[in-house]
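*Asks:* So that you have it, the file is my_file-v5.csv, and it contains CSV, C-alpha atoms:
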chain,number,residue,atom,x,y,z
A,168,MET,CA,-1.6,23.7,-6.8
A,169,ASP,CA,-5.2,24.2,-7.6
A,170,ILE,CA,-6.9,20.9,-6.8
A,171,LEU,CA,-9.5,21.2,-9.5
A,172,SER,CA,-7.0,21.3,-12.2
A,173,TRP,CA,-4.4,19.0,-10.6
A,174,ASP,CA,-3.8,15.9,-12.7
A,175,GLY,CA,-2.6,13.6,-9.9
A,176,THR,CA,1.1,13.8,-11.0
A,177,LEU,CA,4.2,15.5,-9.7
A,178,SER,CA,7.4,16.9,-11.2
A,179,SER,CA,10.7,15.3,-10.6
A,180,GLY,CA,11.7,18.1,-8.3
A,181,ASP,CA,8.5,17.7,-6.3
A,182,PHE,CA,9.2,14.0,-6.1
A,183,ARG,CA,12.5,14.7,-4.5
A,184,LEU,CA,10.8,17.1,-2.0
A,185,ALA,CA,8.1,14.5,-1.3
A,186,ALA,CA,10.7,11.8,-0.8
A,187,CYS,CA,12.6,13.9,1.8
A,188,ALA,CA,9.5,14.7,3.7
A,189,PHE,CA,8.4,11.1,3.6
A,190,MET,CA,11.7,9.8,4.9
A,191,GLN,CA,11.7,12.2,7.8
A,192,LYS,CA,8.2,11.4,8.8
A,193,TRP,CA,8.8,7.6,8.5
A,194,LYS,CA,11.9,7.8,10.7
A,195,SER,CA,10.1,9.8,13.4
A,196,VAL,CA,7.1,7.6,13.6
A,197,MET,CA,8.4,4.1,12.7
A,198,SER,CA,11.3,4.0,15.0
A,199,ALA,CA,11.1,0.2,15.4
A,200,PHE,CA,11.2,-0.2,11.6
A,201,PRO,CA,14.2,0.2,9.4
A,202,PRO,CA,14.3,3.7,7.7
A,203,TRP,CA,13.9,4.5,4.0
A,204,SER,CA,17.0,5.8,2.5
A,205,TRP,CA,17.7,7.8,-0.6
A,206,VAL,CA,20.0,6.1,-3.1
A,207,PRO,CA,21.6,8.7,-5.3
A,208,CYS,CA,22.3,7.7,-8.9
A,209,PRO,CA,24.5,9.2,-11.4
A,210,LYS,CA,22.8,10.6,-14.5
A,211,GLN,CA,22.7,8.0,-17.3
A,212,PRO,CA,25.0,8.9,-20.1
A,213,TRP,CA,22.6,8.0,-22.9
A,214,GLY,CA,19.1,8.9,-23.9
A,215,ALA,CA,16.7,11.5,-22.6
A,216,SER,CA,18.1,13.0,-19.5
A,217,ALA,CA,14.6,13.7,-18.4
A,218,SER,CA,14.2,10.1,-17.4
A,219,HIS,CA,16.8,10.5,-14.7
A,220,ASP,CA,16.3,14.1,-13.6
A,221,VAL,CA,15.7,12.9,-10.1
A,222,GLU,CA,19.1,11.2,-9.8
A,223,GLY,CA,18.0,8.8,-7.2
A,224,TYR,CA,15.3,6.8,-5.5
A,225,LEU,CA,13.9,5.7,-2.2
A,226,SER,CA,15.0,2.3,-0.9
A,227,LEU,CA,13.8,0.0,1.9
A,228,GLU,CA,15.5,-3.3,1.9
A,229,ASN,CA,15.6,-6.6,3.6
A,230,ILE,CA,12.3,-6.3,5.4
A,231,ILE,CA,9.8,-8.9,6.4
A,232,LEU,CA,6.3,-7.9,5.6
A,233,ARG,CA,4.4,-10.8,6.9
A,234,SER,CA,3.8,-11.6,10.5
A,235,ILE,CA,4.6,-15.1,11.8
A,236,GLU,CA,0.9,-15.7,12.3
A,237,GLU,CA,0.2,-15.0,8.7
A,238,GLU,CA,2.9,-17.5,7.7
A,239,HIS,CA,1.2,-20.2,9.7
A,240,ASP,CA,-2.2,-19.4,8.3
A,241,GLU,CA,-1.0,-20.3,4.9
A,242,ILE,CA,-1.6,-23.7,3.3
A,243,SER,CA,0.3,-26.3,5.2
A,244,CYS,CA,3.7,-27.0,3.8
A,245,PRO,CA,4.1,-26.3,0.2
A,246,GLN,CA,4.7,-29.1,-2.2
A,247,LYS,CA,8.4,-28.4,-2.5
A,248,GLU,CA,10.5,-31.1,-1.0
A,249,GLU,CA,13.5,-29.0,-0.6
A,250,THR,CA,12.1,-27.3,2.5
A,251,SER,CA,13.5,-28.2,5.8
A,252,CYS,CA,10.3,-30.0,6.9
A,253,SER,CA,12.2,-33.3,7.2
A,254,GLU,CA,11.4,-35.7,10.0
A,255,LYS,CA,14.9,-35.4,11.3
A,256,GLU,CA,14.4,-31.8,12.2
A,257,GLU,CA,11.2,-32.5,14.1
A,258,LEU,CA,13.3,-34.3,16.7
A,259,ILE,CA,15.8,-31.6,17.2
A,260,ASP,CA,14.3,-28.5,18.3
A,261,ILE,CA,10.7,-27.3,18.7
A,262,ALA,CA,11.7,-23.7,18.0
A,263,THR,CA,13.4,-24.7,14.8
A,264,LEU,CA,10.4,-26.7,13.8
A,265,VAL,CA,8.1,-23.7,14.3
A,266,GLN,CA,10.3,-21.5,12.2
A,267,SER,CA,10.9,-23.9,9.4
A,268,ASN,CA,7.6,-25.8,9.5
A,269,CYS,CA,6.0,-23.8,6.7
A,270,SER,CA,7.7,-21.4,5.0
A,271,LYS,CA,10.8,-19.8,4.8
A,272,VAL,CA,9.8,-16.2,5.4
A,273,PRO,CA,10.4,-14.0,2.4
A,274,TYR,CA,12.4,-10.8,2.7
A,275,TYR,CA,11.4,-7.8,0.5
A,276,ASP,CA,13.4,-5.0,-1.1
A,277,LEU,CA,11.2,-2.0,-2.0
A,278,HIS,CA,12.3,0.8,-4.2
A,279,ILE,CA,10.3,3.9,-5.0
A,280,ILE,CA,11.4,5.2,-8.3
A,281,TYR,CA,10.1,8.3,-10.2
A,282,SER,CA,8.8,7.7,-13.7
A,283,ALA,CA,9.4,10.6,-15.9
A,284,SER,CA,6.9,9.4,-18.5
A,285,TYR,CA,4.0,9.0,-16.1
A,286,ARG,CA,5.2,11.7,-13.7
A,287,VAL,CA,4.4,9.6,-10.7
A,288,PRO,CA,6.3,7.3,-8.3
A,289,VAL,CA,6.5,3.6,-9.1
A,290,LEU,CA,7.1,0.8,-6.7
A,291,PHE,CA,9.7,-1.7,-7.7
A,292,PHE,CA,10.1,-4.8,-5.5
A,293,ARG,CA,11.6,-8.2,-5.2
A,294,ALA,CA,11.5,-10.9,-2.6
A,295,TYR,CA,13.9,-13.6,-1.6
A,296,TYR,CA,14.3,-16.2,1.2
A,297,SER,CA,17.0,-15.9,3.8
A,298,ASP,CA,19.2,-18.2,1.8
A,299,GLY,CA,19.0,-15.7,-1.1
A,300,GLU,CA,16.7,-17.7,-3.3
A,301,PRO,CA,14.5,-15.3,-5.1
A,302,LEU,CA,10.8,-15.6,-5.3
A,303,GLY,CA,9.4,-15.9,-8.8
A,304,PHE,CA,6.1,-14.4,-9.9
A,305,ASN,CA,3.9,-17.2,-8.7
A,306,ALA,CA,5.5,-17.4,-5.3
A,307,ILE,CA,5.2,-13.7,-4.9
A,308,GLU,CA,1.5,-13.8,-5.9
A,309,LYS,CA,1.0,-16.4,-3.3
A,310,ASP,CA,2.8,-14.4,-0.7
A,311,LEU,CA,0.9,-11.1,-1.2
A,312,PRO,CA,-1.9,-10.4,1.3
A,313,ALA,CA,-4.8,-12.1,-0.3
A,314,HIS,CA,-7.6,-9.7,0.3
A,315,SER,CA,-6.1,-6.3,-0.5
A,316,ALA,CA,-3.7,-7.4,-3.2
A,317,LYS,CA,-6.5,-9.1,-5.1
A,318,ALA,CA,-8.7,-6.1,-4.8
A,319,LEU,CA,-6.2,-3.7,-6.2
A,320,LEU,CA,-4.8,-6.0,-8.9
A,321,ASP,CA,-8.2,-7.4,-10.1
A,322,SER,CA,-9.6,-3.9,-10.4
A,323,LYS,CA,-6.7,-2.9,-12.6
A,324,TRP,CA,-5.9,0.2,-10.5
A,325,THR,CA,-2.5,-1.3,-10.9
A,326,PHE,CA,-0.9,-4.6,-11.9
A,327,ILE,CA,2.4,-6.4,-11.4
A,328,THR,CA,4.8,-6.6,-14.3
A,329,GLN,CA,8.4,-7.7,-14.4
A,330,GLU,CA,10.8,-5.3,-15.8
A,331,GLU,CA,14.4,-4.3,-15.7
A,332,HIS,CA,15.2,-2.0,-12.8
A,333,PRO,CA,16.0,1.4,-14.3
A,334,TYR,CA,19.3,1.7,-12.4
A,335,LEU,CA,20.3,-1.8,-11.4
A,336,ASN,CA,20.1,-3.7,-14.6
A,337,ARG,CA,18.3,-6.7,-13.1
A,338,PRO,CA,14.7,-7.8,-13.5
A,339,TRP,CA,12.5,-6.6,-10.7
A,340,PHE,CA,8.8,-6.6,-10.2
A,341,LYS,CA,6.9,-3.4,-10.4
A,342,LEU,CA,3.4,-2.1,-9.9
A,343,HIS,CA,2.4,-0.5,-13.1
A,344,PRO,CA,1.9,3.3,-12.9
A,345,CYS,CA,-0.7,3.8,-15.6
A,346,GLY,CA,-3.6,4.3,-13.1
A,347,THR,CA,-1.6,6.1,-10.4
A,348,SER,CA,-2.5,9.7,-11.4
A,349,GLU,CA,-6.2,8.8,-11.5
A,350,TRP,CA,-6.4,7.4,-8.1
A,351,MET,CA,-4.1,10.1,-6.6
A,352,LYS,CA,-6.6,12.6,-8.0
A,353,LEU,CA,-9.4,10.8,-6.2
A,354,LEU,CA,-7.5,10.6,-3.0
A,355,PHE,CA,-6.8,14.3,-2.9
A,356,HIS,CA,-10.1,15.5,-4.1
A,357,VAL,CA,-11.8,14.6,-0.9
A,358,ASP,CA,-9.2,16.0,1.5
A,359,VAL,CA,-10.8,18.9,3.2
A,360,SER,CA,-7.5,20.7,3.9
A,361,VAL,CA,-6.4,20.2,0.4
A,362,ALA,CA,-9.5,22.0,-0.9
A,363,LYS,CA,-8.4,24.9,1.2
A,364,ASN,CA,-4.7,24.9,0.8
A,365,GLY,CA,-4.0,23.0,-2.3
A,366,VAL,CA,-2.2,19.7,-2.6
A,367,THR,CA,0.5,19.3,0.0
A,368,ILE,CA,3.5,17.7,-1.7
A,369,GLU,CA,4.7,16.4,1.6
A,370,LEU,CA,1.7,14.1,1.8
A,371,TYR,CA,1.9,12.8,-1.7
A,372,LEU,CA,4.1,9.8,-1.0
A,373,LEU,CA,2.2,8.9,2.2
A,374,SER,CA,-1.1,8.8,0.3
A,375,TRP,CA,0.5,7.0,-2.6
A,376,LEU,CA,2.0,4.4,-0.3
A,377,SER,CA,-1.3,3.9,1.6
A,378,VAL,CA,-2.6,2.4,-1.7
A,379,VAL,CA,0.4,0.7,-3.1
A,380,GLY,CA,1.6,-0.6,0.2
A,381,GLN,CA,-1.6,-2.7,0.4
A,382,VAL,CA,-0.5,-4.8,-2.5
A,383,VAL,CA,2.7,-5.9,-0.9
A,384,GLY,CA,1.4,-5.8,2.7
A,385,LEU,CA,3.2,-2.7,4.0
A,386,ARG,CA,0.9,-1.1,6.4
A,387,ILE,CA,1.1,2.7,7.0
A,388,PRO,CA,0.5,3.4,10.7
A,389,LEU,CA,-2.3,6.0,11.2
A,390,GLU,CA,0.0,8.0,13.5
A,391,MET,CA,2.0,9.1,10.4
A,392,LEU,CA,-0.9,11.2,9.2
A,393,ASN,CA,-1.1,13.0,12.5
A,394,GLN,CA,2.4,14.3,12.5
A,395,PRO,CA,2.5,18.1,11.8
B,59,MET,CA,-16.1,12.1,20.4
B,60,ALA,CA,-16.2,8.3,20.5
B,61,ALA,CA,-13.0,8.0,22.3
B,62,ASP,CA,-14.4,9.1,25.6
B,63,SER,CA,-16.6,6.1,26.3
B,64,PRO,CA,-15.7,2.5,26.9
B,65,SER,CA,-15.3,1.0,23.5
B,66,SER,CA,-16.7,-2.5,24.2
B,67,VAL,CA,-19.9,-2.1,22.3
B,68,ARG,CA,-19.5,1.3,20.9
B,69,LYS,CA,-20.6,1.6,17.3
B,70,VAL,CA,-19.2,4.0,14.8
B,71,VAL,CA,-21.4,5.8,12.3
B,72,VAL,CA,-20.1,5.3,8.8
B,73,HIS,CA,-21.2,7.4,5.9
B,74,LEU,CA,-20.5,5.9,2.5
B,75,ARG,CA,-19.9,8.5,-0.2
B,76,ALA,CA,-19.8,7.8,-3.9
B,77,THR,CA,-17.1,9.6,-5.9
B,78,GLY,CA,-16.4,9.7,-9.6
B,79,ASP,CA,-19.1,7.8,-11.4
B,80,ALA,CA,-19.7,5.3,-8.7
B,81,PRO,CA,-23.3,4.5,-8.0
B,82,ILE,CA,-24.9,6.2,-5.0
B,83,LEU,CA,-26.3,3.9,-2.4
B,84,LYS,CA,-29.9,4.4,-1.3
B,85,GLN,CA,-28.9,3.7,2.2
B,86,ALA,CA,-25.6,5.3,2.7
B,87,LYS,CA,-25.3,5.6,6.5
B,88,PHE,CA,-25.0,2.8,8.9
B,89,LYS,CA,-23.5,1.8,12.2
B,90,ILE,CA,-20.7,-0.8,12.7
B,91,PRO,CA,-19.0,-2.0,15.9
B,92,GLY,CA,-15.7,-0.1,16.4
B,93,THR,CA,-13.9,-3.4,16.9
B,94,ASP,CA,-14.7,-4.6,13.4
B,95,LYS,CA,-12.1,-4.3,10.8
B,96,PHE,CA,-12.3,-2.0,7.9
B,97,ALA,CA,-12.5,-5.1,5.6
B,98,LYS,CA,-16.1,-5.4,6.7
B,99,VAL,CA,-16.9,-2.0,5.4
B,100,ILE,CA,-15.2,-2.8,2.1
B,101,ASP,CA,-17.0,-6.1,1.8
B,102,PHE,CA,-20.3,-4.6,2.6
B,103,LEU,CA,-19.8,-1.9,-0.1
B,104,CYS,CA,-18.8,-4.5,-2.7
B,105,ARG,CA,-21.8,-6.6,-2.0
B,106,GLN,CA,-24.2,-3.6,-2.0
B,107,LEU,CA,-22.8,-2.5,-5.3
B,108,HIS,CA,-22.5,-6.0,-6.8
B,109,ARG,CA,-18.8,-5.4,-7.5
B,110,GLU,CA,-15.8,-7.5,-6.9
B,111,THR,CA,-13.6,-4.5,-6.1
B,112,LEU,CA,-13.8,-0.9,-5.3
B,113,PHE,CA,-11.3,1.9,-4.6
B,114,VAL,CA,-12.0,2.9,-1.0
B,115,TYR,CA,-10.5,5.8,0.9
B,116,VAL,CA,-11.1,8.3,3.6
B,117,ASN,CA,-10.4,12.0,4.0
B,118,SER,CA,-6.8,13.1,4.4
B,119,ALA,CA,-6.0,11.4,1.1
B,120,PHE,CA,-5.6,8.0,2.6
B,121,SER,CA,-6.6,4.5,1.7
B,122,PRO,CA,-6.8,2.4,4.9
B,123,ASN,CA,-5.5,-1.1,5.2
B,124,PRO,CA,-8.4,-3.5,5.5
B,125,ASP,CA,-7.0,-4.8,8.8
B,126,GLU,CA,-7.4,-1.4,10.5
B,127,LEU,CA,-10.1,-1.3,13.2
B,128,VAL,CA,-13.0,1.0,12.4
B,129,ILE,CA,-12.7,2.7,15.8
B,130,ASP,CA,-9.1,3.6,15.0
B,131,LEU,CA,-10.1,5.1,11.7
B,132,TYR,CA,-12.9,7.0,13.3
B,133,ASN,CA,-10.5,8.4,15.9
B,134,ASN,CA,-8.1,9.5,13.2
B,135,PHE,CA,-10.4,10.6,10.4
B,136,GLY,CA,-13.9,11.0,11.9
B,137,PHE,CA,-15.6,14.3,12.3
B,138,ASP,CA,-19.1,15.4,13.2
B,139,GLY,CA,-19.7,12.1,14.8
B,140,LYS,CA,-19.1,10.0,11.7
B,141,LEU,CA,-16.5,8.4,9.6
B,142,VAL,CA,-16.9,9.2,5.9
B,143,VAL,CA,-15.7,6.5,3.6
B,144,ASN,CA,-15.4,7.4,-0.1
B,145,TYR,CA,-15.6,4.9,-2.9
B,146,ALA,CA,-14.9,4.8,-6.6
B,147,CYS,CA,-15.3,2.2,-9.2
B,148,SER,CA,-12.7,0.9,-11.5
B,149,MET,CA,-11.2,3.6,-13.7
B,150,ALA,CA,-11.9,3.8,-17.3
B,151,TRP,CA,-8.6,4.7,-18.8
B,152,GLY,CA,-7.0,3.1,-21.9
Could you render the structure as structure tokens?

*Replies:*
Amino acid sequence: MDILSWDGTLSSGDFRLAACAFMQKWKSVMSAFPPWSWVPCPKQPWGASASHDVEGYLSLENIILRSIEEEHDEISCPQKEETSCSEKEELIDIATLVQSNCSKVPYYDLHIIYSASYRVPVLFFRAYYSDGEPLGFNAIEKDLPAHSAKALLDSKWTFITQEEHPYLNRPWFKLHPCGTSEWMKLLFHVDVSVAKNGVTIELYLLSWLSVVGQVVGLRIPLEMLNQP
Amino acid sequence: MAADSPSSVRKVVVHLRATGDAPILKQAKFKIPGTDKFAKVIDFLCRQLHRETLFVYVNSAFSPNPDELVIDLYNNFGFDGKLVVNYACSMAWG
């Protein structure tokens, strides 16, 4: 792929390739972290089959993205009275107190789904507490890492919308893909090896996630880029 | 390479590079302690350019998390004794 004419997007076939490479790399470097998995989906019976050429998506579910320190840095106990911050509990167990003192820690489900119209990956996500209670838009906004999320969202490189999950028929949040091809082009234009060898599809998702991950607080370890 | 010496006060040379139609800084090279976070570079850039936000990235098609230490970024992405940090302004689509 000639870098000068590359438009920042990839075909559905390339997405599948990129997904495989990404899953492998992740598994080998992030051994302490749960692996991404590929969720195959049957072709939808209606409409343009182009939308679902890929027949699947990447999934990483039930993960905690905030460290315990971050939780305690947050504003002391939210206004909700239903939290377990009752006086009764303070007497019981220091460990329980520390855990439940502020927040319940949200769990995240992340899906990387190919968009046939934009020809780029899209991050769909949702968050919920351990009791299953989902986080609404305001709660999620509060939970996102302040600095980086704000930078990316305010600049309109991407923004959060709520939309029906293309396969699961439930509302999820997503990071809008309209700017993706533009910033993917920027990212790859300065890569020295890319200028020589062309865009490496295997790197696409890693690069993409280095940006998108910042919005939800998923950090890509630098070691991933050093893998052959 | 920076890695050889004790890193307690080692500074990293950072070269800020404008891409797209981002304004070019008059003073684009500076030194920063390796133990500082990348967030400091981002903040510095934003202040210099009078912008709230910028798209900031390094070679190897990667946008570092603001919490990364500058010395770690240098060790992974630096060459010729410096860390090149590229920046672009908000895009002008639609």

*Asks:* Counting only C-alpha atoms, collect the residues of chain B whose closest atom lies at most 8 Å from chain A, and write them out as a PyMOL selection string.

*Replies:* chain B and resi 77-78+110-113+115-124+131+134+148-149+151

*Asks:* How would the residues just chosen look if you wrote them out with C-alpha atoms as a PDB file, in the coordinates of the input?

*Replies:*
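This is the output file again_17.pdb:
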ATOM      1  CA  THR B  77     -17.100   9.600  -5.900  1.00  0.00           C
ATOM      2  CA  GLY B  78     -16.400   9.700  -9.600  1.00  0.00           C
ATOM      3  CA  GLU B 110     -15.800  -7.500  -6.900  1.00  0.00           C
ATOM      4  CA  THR B 111     -13.600  -4.500  -6.100  1.00  0.00           C
ATOM      5  CA  LEU B 112     -13.800  -0.900  -5.300  1.00  0.00           C
ATOM      6  CA  PHE B 113     -11.300   1.900  -4.600  1.00  0.00           C
ATOM      7  CA  TYR B 115     -10.500   5.800   0.900  1.00  0.00           C
ATOM      8  CA  VAL B 116     -11.100   8.300   3.600  1.00  0.00           C
ATOM      9  CA  ASN B 117     -10.400  12.000   4.000  1.00  0.00           C
ATOM     10  CA  SER B 118      -6.800  13.100   4.400  1.00  0.00           C
ATOM     11  CA  ALA B 119      -6.000  11.400   1.100  1.00  0.00           C
ATOM     12  CA  PHE B 120      -5.600   8.000   2.600  1.00  0.00           C
ATOM     13  CA  SER B 121      -6.600   4.500   1.700  1.00  0.00           C
ATOM     14  CA  PRO B 122      -6.800   2.400   4.900  1.00  0.00           C
ATOM     15  CA  ASN B 123      -5.500  -1.100   5.200  1.00  0.00           C
ATOM     16  CA  PRO B 124      -8.400  -3.500   5.500  1.00  0.00           C
ATOM     17  CA  LEU B 131     -10.100   5.100  11.700  1.00  0.00           C
ATOM     18  CA  ASN B 134      -8.100   9.500  13.200  1.00  0.00           C
ATOM     19  CA  SER B 148     -12.700   0.900 -11.500  1.00  0.00           C
ATOM     20  CA  MET B 149     -11.200   3.600 -13.700  1.00  0.00           C
ATOM     21  CA  TRP B 151      -8.600   4.700 -18.800  1.00  0.00           C
TER      22      TRP B 151
END

*Asks:* Take atom CA of Val206 of chain A and atom CA of Pro344 of chain A and report the distance between them in Å, one decimal.

*Replies:*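 Value for the atom CA of Val206 of chain A-atom CA of Pro344 of chain A distance: 20.8 Å.
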
*Asks:* Hey, can you check how far atom CA of Glu308 of chain A sits from atom CA of Pro338 of chain A?

*Replies:* 16.4 Å

*Asks:* Excluding same-chain residues fewer than 6 positions from segment 90-102 of chain B, what lies within 8 Å of it counting only C-alpha atoms, as a list of chain:residue names?

*Replies:* B:Ser65, B:Ser66, B:Val67, B:Arg68, B:Lys69, B:Val70, B:Val71, B:Val72, B:Leu112, B:Val114, B:Pro122, B:Asn123, B:Pro124, B:Asp125, B:Glu126, B:Leu127, B:Val128, B:Ile129, B:Asp130

*Asks:* Do you know which residues are at most 8 Å from segment 186-193 of chain A counting all atoms listed in the file, after dropping those on the same chain fewer than 6 positions away, and could you put them as a ChimeraX atom specification?

*Replies:* /A:202-204,225,369-370,372-373,391,394

*Asks:* Between A:Asp276, A:Asp310, A:Asp181, A:Asp298, which one has atoms that come closest to Glu228 of chain A, using all atoms listed in the file?

*Replies:*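 Ranking A:Asp276, A:Asp310, A:Asp181, A:Asp298 by distance to Glu228 of chain A, first place goes to A:Asp276.
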
*Asks:* So the first atom is atom CA of Phe200 of chain A and the second is atom CA of His278 of chain A; what is the distance between them in Å, to one decimal place?

*Replies:*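 We find that atom CA of Phe200 of chain A and atom CA of His278 of chain A lie 15.9 Å from each other.
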
*Asks:* Applying 12 Å and all atoms listed in the file, which residues near Leu107 of chain B remain after dropping the ones on its own chain fewer than 5 positions away? List them as a list in words.

*Replies:* Leu74, Ala76, Ala80, Pro81, Ile82, Leu83, Lys84, Gln85, Ala86, Ile100, Asp101, Phe102, Leu112, Tyr145, Ala146 and Cys147 of chain B
